[in-house]
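> The file below is run_14.cif, mmCIF, C-alpha atoms:
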data_entry
#
loop_
_atom_site.label_atom_id
_atom_site.label_comp_id
_atom_site.auth_asym_id
_atom_site.auth_seq_id
_atom_site.Cartn_x
_atom_site.Cartn_y
_atom_site.Cartn_z
CA MET A 23 -112.70 104.99 44.19
CA LYS A 24 -109.56 104.01 46.10
CA ASP A 25 -108.55 100.39 46.43
CA ALA A 26 -108.88 98.94 49.91
CA ALA A 27 -105.66 98.83 51.87
CA PRO A 28 -104.05 95.37 51.77
CA LYS A 29 -104.67 93.25 54.83
CA THR A 30 -101.66 92.74 57.06
CA CYS A 31 -100.78 90.41 59.90
CA ARG A 32 -100.63 92.37 63.14
CA TRP A 33 -97.70 91.28 65.34
CA ALA A 34 -96.53 91.66 68.93
CA ILE A 35 -93.19 90.66 70.44
CA LEU A 36 -93.35 88.94 73.83
CA GLY A 37 -90.08 89.78 75.55
CA ALA A 38 -87.46 92.41 74.82
CA ALA A 39 -84.69 89.85 74.29
CA PHE A 40 -81.53 90.68 72.38
CA ILE A 41 -82.41 88.36 69.47
CA ALA A 42 -85.67 90.25 68.97
CA HIS A 43 -83.75 93.30 67.70
CA LYS A 44 -82.96 91.36 64.52
CA ASN A 45 -86.61 90.69 63.81
CA TRP A 46 -87.79 94.25 64.42
CA GLN A 47 -86.73 95.15 60.89
CA ALA A 48 -87.81 91.80 59.42
CA ILE A 49 -91.41 92.45 60.47
CA ARG A 50 -91.32 95.91 58.94
CA ASP A 51 -89.84 94.64 55.66
CA ALA A 52 -92.09 91.59 55.27
CA GLY A 53 -94.55 93.63 53.22
CA ASN A 54 -97.64 92.03 54.74
CA ALA A 55 -96.97 92.59 58.45
CA THR A 56 -97.08 95.36 60.99
CA LEU A 57 -95.68 95.47 64.53
CA VAL A 58 -98.33 96.66 66.99
CA ALA A 59 -96.64 96.19 70.35
CA VAL A 60 -93.62 94.97 72.31
CA ALA A 61 -94.25 93.57 75.78
CA SER A 62 -91.97 93.07 78.75
CA ARG A 63 -92.58 92.44 82.43
CA ASP A 64 -91.10 95.93 82.87
CA VAL A 65 -92.79 98.49 80.61
CA ARG A 66 -89.70 100.67 80.81
CA ARG A 67 -87.63 97.89 79.27
CA ALA A 68 -90.17 97.46 76.48
CA GLN A 69 -90.14 101.21 75.83
CA ALA A 70 -86.33 101.33 75.79
CA PHE A 71 -86.30 98.44 73.29
CA ILE A 72 -88.78 100.26 71.05
CA ASP A 73 -86.98 103.60 71.27
CA GLU A 74 -83.62 102.04 70.41
CA CYS A 75 -84.95 100.07 67.44
CA GLN A 76 -87.21 102.86 66.16
CA ALA A 77 -84.26 105.26 66.08
CA GLN A 78 -82.35 102.98 63.71
CA VAL A 79 -85.15 101.26 61.76
CA PRO A 80 -88.36 103.28 62.07
CA HIS A 81 -91.75 101.64 61.63
CA PRO A 82 -94.42 103.86 59.99
CA VAL A 83 -96.40 103.72 63.23
CA LYS A 84 -94.33 103.40 66.38
CA PRO A 85 -95.24 100.18 68.24
CA GLU A 86 -96.71 100.45 71.72
CA ALA A 87 -94.84 99.40 74.87
CA LEU A 88 -96.79 97.05 77.15
CA GLY A 89 -95.91 96.07 80.71
CA SER A 90 -97.14 92.47 80.69
CA TYR A 91 -97.54 89.55 78.34
CA GLU A 92 -101.17 89.23 79.42
CA GLN A 93 -101.90 92.63 77.89
CA VAL A 94 -100.77 91.35 74.50
CA LEU A 95 -102.93 88.25 74.70
CA ALA A 96 -105.99 90.33 75.58
CA ARG A 97 -105.62 92.66 72.59
CA PRO A 98 -108.04 92.01 69.69
CA ASP A 99 -105.81 94.01 67.33
CA ILE A 100 -102.96 91.46 67.52
CA ASP A 101 -103.04 88.37 65.30
CA ALA A 102 -99.65 86.76 65.95
CA VAL A 103 -96.93 86.79 68.57
CA TYR A 104 -93.20 86.28 68.22
CA LEU A 105 -91.71 84.69 71.36
CA PRO A 106 -87.98 85.17 71.93
CA LEU A 107 -88.48 84.14 75.57
CA PRO A 108 -85.95 81.72 77.13
CA THR A 109 -86.62 78.06 76.41
CA GLY A 110 -87.26 77.38 80.08
CA LEU A 111 -90.15 79.87 80.10
CA ARG A 112 -91.57 79.31 76.66
CA LYS A 113 -94.13 76.54 76.98
CA GLN A 114 -96.59 78.32 79.25
CA TRP A 115 -96.70 81.40 77.03
CA VAL A 116 -97.07 79.44 73.80
CA ILE A 117 -100.04 77.62 75.29
CA ARG A 118 -101.56 80.80 76.69
CA ALA A 119 -101.09 82.57 73.36
CA ALA A 120 -102.80 79.70 71.54
CA GLU A 121 -105.67 79.78 74.02
CA ALA A 122 -106.04 83.50 73.27
CA GLY A 123 -106.27 82.75 69.54
CA LYS A 124 -102.83 84.15 68.65
CA HIS A 125 -100.65 82.49 66.04
CA VAL A 126 -97.20 81.65 67.43
CA LEU A 127 -93.66 82.02 66.09
CA VAL A 128 -91.00 80.84 68.55
CA GLU A 129 -87.24 81.04 68.78
CA LYS A 130 -85.22 77.86 68.72
CA PRO A 131 -84.94 75.35 70.25
CA ALA A 132 -88.69 75.01 70.15
CA GLY A 133 -88.80 73.63 73.71
CA GLY A 134 -86.88 71.96 76.49
CA ASP A 135 -87.73 68.52 75.10
CA ALA A 136 -90.04 66.84 72.61
CA ALA A 137 -92.81 66.34 75.17
CA GLU A 138 -92.98 70.11 75.70
CA VAL A 139 -93.02 70.78 71.97
CA ALA A 140 -95.77 68.21 71.40
CA GLU A 141 -97.84 69.87 74.14
CA MET A 142 -97.38 73.31 72.56
CA ILE A 143 -98.27 72.05 69.11
CA ALA A 144 -101.36 70.27 70.44
CA ALA A 145 -102.54 73.51 72.04
CA CYS A 146 -102.05 75.39 68.77
CA GLU A 147 -103.97 72.71 66.87
CA ARG A 148 -106.85 72.77 69.36
CA HIS A 149 -107.20 76.52 68.98
CA ARG A 150 -106.59 76.50 65.21
CA VAL A 151 -103.52 78.73 65.20
CA GLN A 152 -100.25 78.32 63.34
CA PHE A 153 -97.07 77.18 65.13
CA MET A 154 -93.64 77.73 63.58
CA ASP A 155 -90.05 78.02 64.76
CA GLY A 156 -87.74 80.79 63.64
CA VAL A 157 -85.22 78.95 61.44
CA MET A 158 -84.83 81.62 58.80
CA PHE A 159 -82.92 79.68 56.16
CA MET A 160 -85.98 77.50 55.62
CA HIS A 161 -87.58 80.55 53.95
CA ALA A 162 -84.57 81.68 51.91
CA ARG A 163 -84.54 81.90 48.12
CA ARG A 164 -81.05 80.41 48.21
CA PHE A 165 -82.42 77.26 49.81
CA GLN A 166 -85.04 76.93 47.09
CA LYS A 167 -82.19 76.86 44.57
CA LEU A 168 -80.16 74.45 46.71
CA ARG A 169 -83.16 72.12 46.93
CA ALA A 170 -83.39 71.99 43.14
CA LEU A 171 -79.65 71.32 42.80
CA LEU A 172 -79.70 68.69 45.52
CA ASP A 173 -82.56 66.86 43.83
CA THR A 174 -81.09 66.97 40.31
CA GLU A 175 -77.29 67.39 40.39
CA LEU A 176 -75.83 65.43 43.32
CA GLY A 177 -76.89 61.92 42.45
CA SER A 178 -77.53 59.65 45.44
CA LEU A 179 -76.86 61.36 48.77
CA ARG A 180 -74.09 59.89 50.90
CA HIS A 181 -73.22 62.35 53.69
CA ILE A 182 -74.19 65.72 55.20
CA ALA A 183 -71.77 67.67 57.37
CA SER A 184 -72.08 70.99 59.17
CA GLN A 185 -70.56 73.21 61.84
CA PHE A 186 -72.07 76.18 63.63
CA SER A 187 -69.81 77.76 66.24
CA PHE A 188 -68.67 81.03 67.71
CA LEU A 189 -65.89 81.89 70.11
CA SER A 190 -67.13 83.09 73.50
CA ASP A 191 -65.14 83.87 76.64
CA GLU A 192 -65.16 82.88 80.31
CA GLU A 193 -67.64 85.64 81.11
CA PHE A 194 -70.10 84.11 78.64
CA ALA A 195 -70.10 80.78 80.49
CA ARG A 196 -70.68 82.57 83.80
CA THR A 197 -73.35 85.11 82.85
CA ASN A 198 -74.91 84.53 79.41
CA ILE A 199 -78.45 83.11 79.32
CA ARG A 200 -77.37 80.47 76.78
CA ALA A 201 -75.12 78.90 79.42
CA HIS A 202 -77.79 78.98 82.14
CA GLY A 203 -79.14 75.51 82.91
CA ALA A 204 -82.58 76.64 84.10
CA LEU A 205 -83.28 79.10 81.27
CA GLU A 206 -81.51 77.41 78.33
CA PRO A 207 -81.05 73.77 79.41
CA LEU A 208 -79.78 72.63 76.01
CA GLY A 209 -76.84 75.04 75.76
CA CYS A 210 -75.00 75.09 72.45
CA LEU A 211 -76.95 72.05 71.24
CA GLY A 212 -80.23 73.99 71.39
CA ASP A 213 -78.82 77.35 70.33
CA LEU A 214 -76.53 76.23 67.48
CA GLY A 215 -77.00 72.50 66.99
CA TRP A 216 -80.68 73.04 66.21
CA TYR A 217 -79.61 74.61 62.90
CA CYS A 218 -77.18 71.80 62.06
CA LEU A 219 -79.84 69.18 62.74
CA ARG A 220 -82.45 71.11 60.76
CA PHE A 221 -80.06 71.39 57.82
CA ALA A 222 -79.49 67.62 57.78
CA LEU A 223 -83.22 66.93 58.04
CA TRP A 224 -83.94 69.47 55.30
CA ALA A 225 -81.35 67.86 53.00
CA MET A 226 -82.93 64.45 53.62
CA GLY A 227 -86.42 65.61 52.74
CA GLU A 228 -87.48 65.93 56.40
CA ILE A 229 -87.42 62.22 57.19
CA SER A 230 -86.23 60.92 60.55
CA PRO A 231 -82.85 59.28 61.04
CA LEU A 232 -82.84 55.73 62.34
CA ARG A 233 -80.17 56.24 64.99
CA VAL A 234 -78.04 59.07 66.34
CA THR A 235 -75.02 59.57 68.57
CA GLY A 236 -73.84 62.54 70.58
CA ARG A 237 -70.75 63.71 72.48
CA ILE A 238 -70.34 66.59 74.92
CA HIS A 239 -66.82 68.02 74.64
CA ALA A 240 -67.24 70.83 77.17
CA GLU A 241 -70.01 71.94 79.51
CA THR A 242 -70.70 74.51 82.20
CA GLN A 243 -69.48 73.94 85.73
CA GLN A 244 -71.98 76.04 87.70
CA SER A 245 -72.89 74.56 91.06
CA ALA A 246 -76.25 76.37 91.22
CA ALA A 247 -77.63 75.18 87.88
CA PRO A 248 -77.62 71.96 85.82
CA PRO A 249 -74.70 71.73 83.37
CA VAL A 250 -75.32 72.59 79.73
CA PRO A 251 -73.18 71.72 76.69
CA LEU A 252 -70.65 74.31 75.52
CA ALA A 253 -69.28 72.11 72.73
CA PHE A 254 -71.13 69.17 71.18
CA SER A 255 -70.81 66.87 68.18
CA GLY A 256 -72.99 64.13 66.84
CA THR A 257 -73.91 61.80 64.00
CA LEU A 258 -77.16 60.78 62.33
CA GLU A 259 -77.77 57.52 60.46
CA PHE A 260 -80.53 57.50 57.85
CA ALA A 261 -82.01 54.65 55.85
CA GLY A 262 -80.11 53.71 52.71
CA GLY A 263 -76.68 54.19 54.25
CA VAL A 264 -76.79 58.00 54.33
CA GLY A 265 -74.96 59.58 57.25
CA ALA A 266 -74.67 63.06 58.75
CA SER A 267 -72.22 64.65 61.18
CA TYR A 268 -72.21 68.02 62.92
CA HIS A 269 -70.35 70.11 65.46
CA CYS A 270 -71.69 73.03 67.46
CA SER A 271 -69.71 75.04 69.95
CA PHE A 272 -69.46 78.21 72.01
CA ASN A 273 -65.67 77.80 72.21
CA ALA A 274 -64.49 77.52 68.59
CA MET A 275 -63.91 80.21 65.97
CA ASN A 276 -66.92 81.51 64.03
CA ALA A 277 -68.12 78.95 61.49
CA GLN A 278 -71.40 78.29 59.68
CA TRP A 279 -70.51 75.84 56.94
CA ALA A 280 -72.43 72.91 55.50
CA ILE A 281 -71.64 70.30 52.84
CA VAL A 282 -73.97 67.81 51.17
CA SER A 283 -72.09 64.98 49.43
CA GLY A 284 -73.57 62.82 46.71
CA THR A 285 -72.36 60.36 44.12
CA LYS A 286 -72.16 63.08 41.44
CA GLY A 287 -71.14 66.21 43.32
CA LEU A 288 -71.04 68.35 46.45
CA LEU A 289 -73.10 71.32 47.56
CA GLN A 290 -71.03 73.62 49.77
CA ILE A 291 -72.27 76.63 51.74
CA SER A 292 -69.96 78.72 53.90
CA ASP A 293 -72.71 80.67 55.68
CA PHE A 294 -75.80 78.46 55.81
CA VAL A 295 -77.35 80.07 58.92
CA LEU A 296 -76.61 83.78 58.59
CA PRO A 297 -75.47 84.82 55.10
CA PHE A 298 -72.31 86.86 54.79
CA SER A 299 -72.90 90.61 54.35
CA GLY A 300 -73.88 91.69 50.87
CA THR A 301 -76.68 91.86 48.36
CA GLN A 302 -76.32 88.24 47.22
CA THR A 303 -76.15 84.82 48.86
CA ARG A 304 -73.74 82.23 47.52
CA TYR A 305 -73.10 78.51 47.23
CA ASN A 306 -70.75 76.14 45.38
CA LEU A 307 -71.55 73.08 43.32
CA THR A 308 -68.36 71.02 43.06
CA ARG A 309 -67.48 68.04 40.89
CA SER A 310 -63.83 67.31 41.51
CA GLU A 311 -61.87 64.78 39.45
CA PHE A 312 -58.58 62.91 39.66
CA ALA A 313 -56.61 62.83 36.40
CA ILE A 314 -53.80 60.26 36.38
CA ASN A 315 -51.19 60.12 33.59
CA VAL A 316 -48.36 57.76 34.55
CA CYS A 317 -46.28 59.88 36.99
CA GLN A 318 -48.58 62.88 36.98
CA ALA A 319 -51.60 63.10 39.27
CA ASP A 320 -53.87 66.13 39.03
CA TYR A 321 -56.76 66.81 41.38
CA ARG A 322 -59.08 69.13 39.47
CA GLU A 323 -61.39 71.21 41.62
CA GLY A 324 -64.40 71.45 39.29
CA ARG A 325 -66.09 74.12 41.37
CA GLN A 326 -69.02 76.15 40.02
CA ALA A 327 -69.83 79.20 42.10
CA GLY A 328 -73.49 80.21 42.22
CA GLN A 329 -75.25 83.20 43.68
CA ILE A 330 -78.77 84.41 44.31
CA ASP A 331 -79.98 88.01 44.49
CA GLU A 332 -80.90 87.77 48.15
CA PRO A 333 -79.50 90.29 50.64
CA SER A 334 -78.25 89.68 54.13
CA ASN A 335 -78.50 91.92 57.19
CA ASN A 336 -82.29 92.08 57.46
CA ALA A 337 -82.76 94.00 54.23
CA SER A 338 -86.04 93.74 52.37
CA GLY A 339 -86.01 90.43 50.50
CA SER A 340 -83.70 88.72 53.01
CA GLN A 341 -84.46 85.37 54.62
CA GLU A 342 -85.50 87.19 57.81
CA SER A 343 -88.20 89.18 56.07
CA ALA A 344 -89.23 86.09 54.09
CA LEU A 345 -89.85 84.22 57.36
CA PHE A 346 -92.29 86.85 58.57
CA ALA A 347 -93.84 87.23 55.12
CA ASP A 348 -94.48 83.48 54.88
CA PHE A 349 -95.96 83.30 58.37
CA SER A 350 -98.06 86.43 57.85
CA ASP A 351 -99.44 85.03 54.60
CA LEU A 352 -100.73 81.96 56.45
CA VAL A 353 -102.46 84.20 58.98
CA ILE A 354 -103.95 86.52 56.37
CA THR A 355 -105.28 83.71 54.18
CA GLY A 356 -106.59 81.67 57.09
CA ARG A 357 -104.50 78.64 56.14
CA ARG A 358 -102.45 76.52 58.51
CA ASP A 359 -99.45 74.58 57.26
CA PRO A 360 -98.82 71.34 59.22
CA ARG A 361 -95.30 71.08 57.81
CA TRP A 362 -93.96 73.68 60.23
CA PRO A 363 -94.99 72.13 63.55
CA ARG A 364 -94.06 68.70 62.16
CA ILE A 365 -90.46 69.68 61.35
CA SER A 366 -90.12 71.51 64.68
CA LEU A 367 -91.13 68.39 66.58
CA LEU A 368 -88.88 66.13 64.49
CA THR A 369 -85.90 68.43 65.06
CA GLN A 370 -86.54 68.37 68.80
CA GLN A 371 -86.91 64.58 68.84
CA VAL A 372 -83.58 64.15 67.05
CA LEU A 373 -81.92 66.70 69.36
CA ASP A 374 -83.26 64.87 72.42
CA ALA A 375 -81.89 61.58 71.14
CA CYS A 376 -78.45 63.11 70.52
CA LEU A 377 -78.38 64.44 74.07
CA ARG A 378 -79.48 61.07 75.49
CA SER A 379 -76.63 59.44 73.61
CA ALA A 380 -74.14 61.95 74.96
CA ARG A 381 -75.34 61.40 78.53
CA ASN A 382 -74.89 57.66 77.94
CA GLY A 383 -71.29 57.76 76.81
CA GLY A 384 -72.03 58.26 73.12
CA ALA A 385 -73.95 55.01 72.63
CA PRO A 386 -76.25 54.95 69.56
CA VAL A 387 -79.84 55.94 70.35
CA SER A 388 -82.97 55.43 68.27
CA VAL A 389 -85.14 58.47 67.63
CA GLU A 390 -88.37 58.24 69.65
CA PHE A 391 -91.75 59.37 68.31
#
Translate this structure into C-alpha cells?

Amino acid sequence: MKDAAPKTCRWAILGAAFIAHKNWQAIRDAGNATLVAVASRDVRRAQAFIDECQAQVPHPVKPEALGSYEQVLARPDIDAVYLPLPTGLRKQWVIRAAEAGKHVLVEKPAGGDAAEVAEMIAACERHRVQFMDGVMFMHARRFQKLRALLDTELGSLRHIASQFSFLSDEEFARTNIRAHGALEPLGCLGDLGWYCLRFALWAMGEISPLRVTGRIHAETQQSAAPPVPLAFSGTLEFAGGVGASYHCSFNAMNAQWAIVSGTKGLLQISDFVLPFSGTQTRYNLTRSEFAINVCQADYREGRQAGQIDEPSNNASGSQESALFADFSDLVITGRRDPRWPRISLLTQQVLDACLRSARNGGAPVSVEF
C-alpha cells in the first residue's frame, strides 16, 4: 500500500509584480508548497508572467492564469496568498483575503502606516489566518547561527549599524513605482529601511526602542504626487544605553552591510539582506586588540570568518525557500504564530516614528503603540 502524498500548502500570487519573479522558485523549492495560480487584473499579463517564469524554473504543474484577484479569493483549492501589490493598494486585499479564509504573506513595508497594519492584522486574527511579511533573512540558517553568537560571544550590546542602498538613475525617480507617492508613499524608507530597522529589532530581541530620529537627505520632486524619501538615515535609542543607526538610499552605491557591536566583539555581515552569490552564506566575528610596546602600536584584527551551507539565488535551502517553507508549515499544521504579525507591526511603528522625526526637523520621537 502506497503512503499518502504529503500535504502541501496551496499558494496563489496576487499581482504579477517584478518582485514576485523571485518567489516563483522559492515556492517550488519550499518542499511543502505548490503554486496553483497567478492573478492579475489583466489575464494576459498573468499568463505572460507564468510563461516567462515557467520557461526558466518549471513547476511540476503549470500554475493557472487568472484575470482578477476576486477569482483567487473564491477558489477553495487555494490556502494562502502572496501579495506583492503596491503598499498603497495592499490593505484592502489583505482584509479581503482574510475574510475569504486565505493566509496572507505580504511584501514590505507591511502597510502605509501602523494603523493600516493593525487593521490588517486584526482582520487576519478575526478570521484565524496567519499574517507575515516577506523579510527573508528572518528565516535564514545564517541568522540562527548569528543569534547564537550574538547571545553568547558579544558580551553586552552597545550599537547596531546598517546600510541598505542601491544606485538608481534619474529615470528611476521619474517612473519607478518605489518613487511614486501614491503607490509607495514611504519610498526608500519602506523599501530598504524596513530591512535595516528589522535587523536592529532582531538584534535587540524584538523589543521596541524608546526614541528614534530620522533625516531625509533627498526626496522626489514630482508635482503630481506627494514626495517620498530617496535617501534617509536614522537612529534608535533602546533601554540600557544601546543605540542603532542606519542609512537607506536609492542614490548610493550597492550596500547591504550590518554590524552588531558588543563589549567583547563584533558581528559583521556584508550582505545581510540578499546573500552574495554562492553555495554558502558568510559572517565575521571580530575581536580586535591594541598591543602597545613603548614606541610600537599594533592594531590586531582578530577576525574569525564563519560560513553556513546555505545557498543564495533562490536555490533549494536558501532563505527564500525557507520563508515559504516556514509559512506553509504553519498552514499545514493549523498553527498560527503571533510573533510574525507582532514584529511586522513593531517595525512599522518604528518606521512611522522615524518618518515623523524627519518631517519635524530630526527631533527625537517616541515610538507609539
> Taking 2 positions as the minimum chain separation for residues in the same chain, which residues sit within 7 Å of segment 305-311 of chain A when counting all atoms listed in the file? Answer as a VMD selection string.
chain A and resid 286 to 291 313 321 to 329
> Could you write out the selected residues, including C-alpha atoms, as a PDB file, in the coordinates of the input?

ATOM      1  CA  LYS A 286     -72.160  63.080  41.440  1.00  0.00           C
ATOM      2  CA  GLY A 287     -71.140  66.210  43.320  1.00  0.00           C
ATOM      3  CA  LEU A 288     -71.040  68.350  46.450  1.00  0.00           C
ATOM      4  CA  LEU A 289     -73.100  71.320  47.560  1.00  0.00           C
ATOM      5  CA  GLN A 290     -71.030  73.620  49.770  1.00  0.00           C
ATOM      6  CA  ILE A 291     -72.270  76.630  51.740  1.00  0.00           C
ATOM      7  CA  ALA A 313     -56.610  62.830  36.400  1.00  0.00           C
ATOM      8  CA  TYR A 321     -56.760  66.810  41.380  1.00  0.00           C
ATOM      9  CA  ARG A 322     -59.080  69.130  39.470  1.00  0.00           C
ATOM     10  CA  GLU A 323     -61.390  71.210  41.620  1.00  0.00           C
ATOM     11  CA  GLY A 324     -64.400  71.450  39.290  1.00  0.00           C
ATOM     12  CA  ARG A 325     -66.090  74.120  41.370  1.00  0.00           C
ATOM     13  CA  GLN A 326     -69.020  76.150  40.020  1.00  0.00           C
ATOM     14  CA  ALA A 327     -69.830  79.200  42.100  1.00  0.00           C
ATOM     15  CA  GLY A 328     -73.490  80.210  42.220  1.00  0.00           C
ATOM     16  CA  GLN A 329     -75.250  83.200  43.680  1.00  0.00           C
TER      17      GLN A 329
END
> Need to verify the contact set: segment 196-208 of chain A, 6 Å, only C-alpha atoms, exclusion of same-chain residues closer than 2 positions in sequence. Can you return it as a PyMOL selection string?
chain A and resi 108-110+193-194+211-212+247-250
> Can you tell me how far atom CA of Ala140 of chain A sits from atom CA of Phe40 of chain A, in Å to one decimal?
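Spanning atom CA of Ala140 of chain A to atom CA of Phe40 of chain A is a straight-line distance of 26.6 Å.
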> Pick the closest to Val83 of chain A from A:Gln69, A:Gln166, A:Thr56, A:Thr301: which is it, counting only C-alpha atoms?
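Ranked by minimum distance to Val83 of chain A, first place goes to A:Thr56.
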> What's the separation between atom CA of Ser379 of chain A and atom CA of Phe254 of chain A, in Å to one decimal place?
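Calculated distance between atom CA of Ser379 of chain A and atom CA of Phe254 of chain A is 11.4 Å.
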> Give the answer as one residue: which of A:Glu390, A:Glu228, A:Asp101, A:Asp293 has the shortest atom-to-atom distance to Val353 of chain A, using all atoms listed in the file?
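Under the stated criterion, the closest residue is A:Asp101.
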> In Å, rounded to a single decimal, give me how far atom CA of Val151 of chain A is from atom CA of Gln341 of chain A.
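These atoms are spaced 22.8 Å apart.
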> When the PyMOL selection byres ((chain A and resi 388) around 9) is applied to the structure above, which residues does it catch, written out as a short mmCIF file (atom, residue, chain, number, x, y, z; two decimals) with C-alpha atoms, keeping the file's coordinate frame?

data_model
loop_
_atom_site.label_atom_id
_atom_site.label_comp_id
_atom_site.auth_asym_id
_atom_site.auth_seq_id
_atom_site.Cartn_x
_atom_site.Cartn_y
_atom_site.Cartn_z
CA PRO A 231 -82.85 59.28 61.04
CA LEU A 232 -82.84 55.73 62.34
CA ARG A 233 -80.17 56.24 64.99
CA VAL A 234 -78.04 59.07 66.34
CA THR A 235 -75.02 59.57 68.57
CA VAL A 372 -83.58 64.15 67.05
CA ALA A 375 -81.89 61.58 71.14
CA PRO A 386 -76.25 54.95 69.56
CA VAL A 387 -79.84 55.94 70.35
CA VAL A 389 -85.14 58.47 67.63
CA GLU A 390 -88.37 58.24 69.65
#
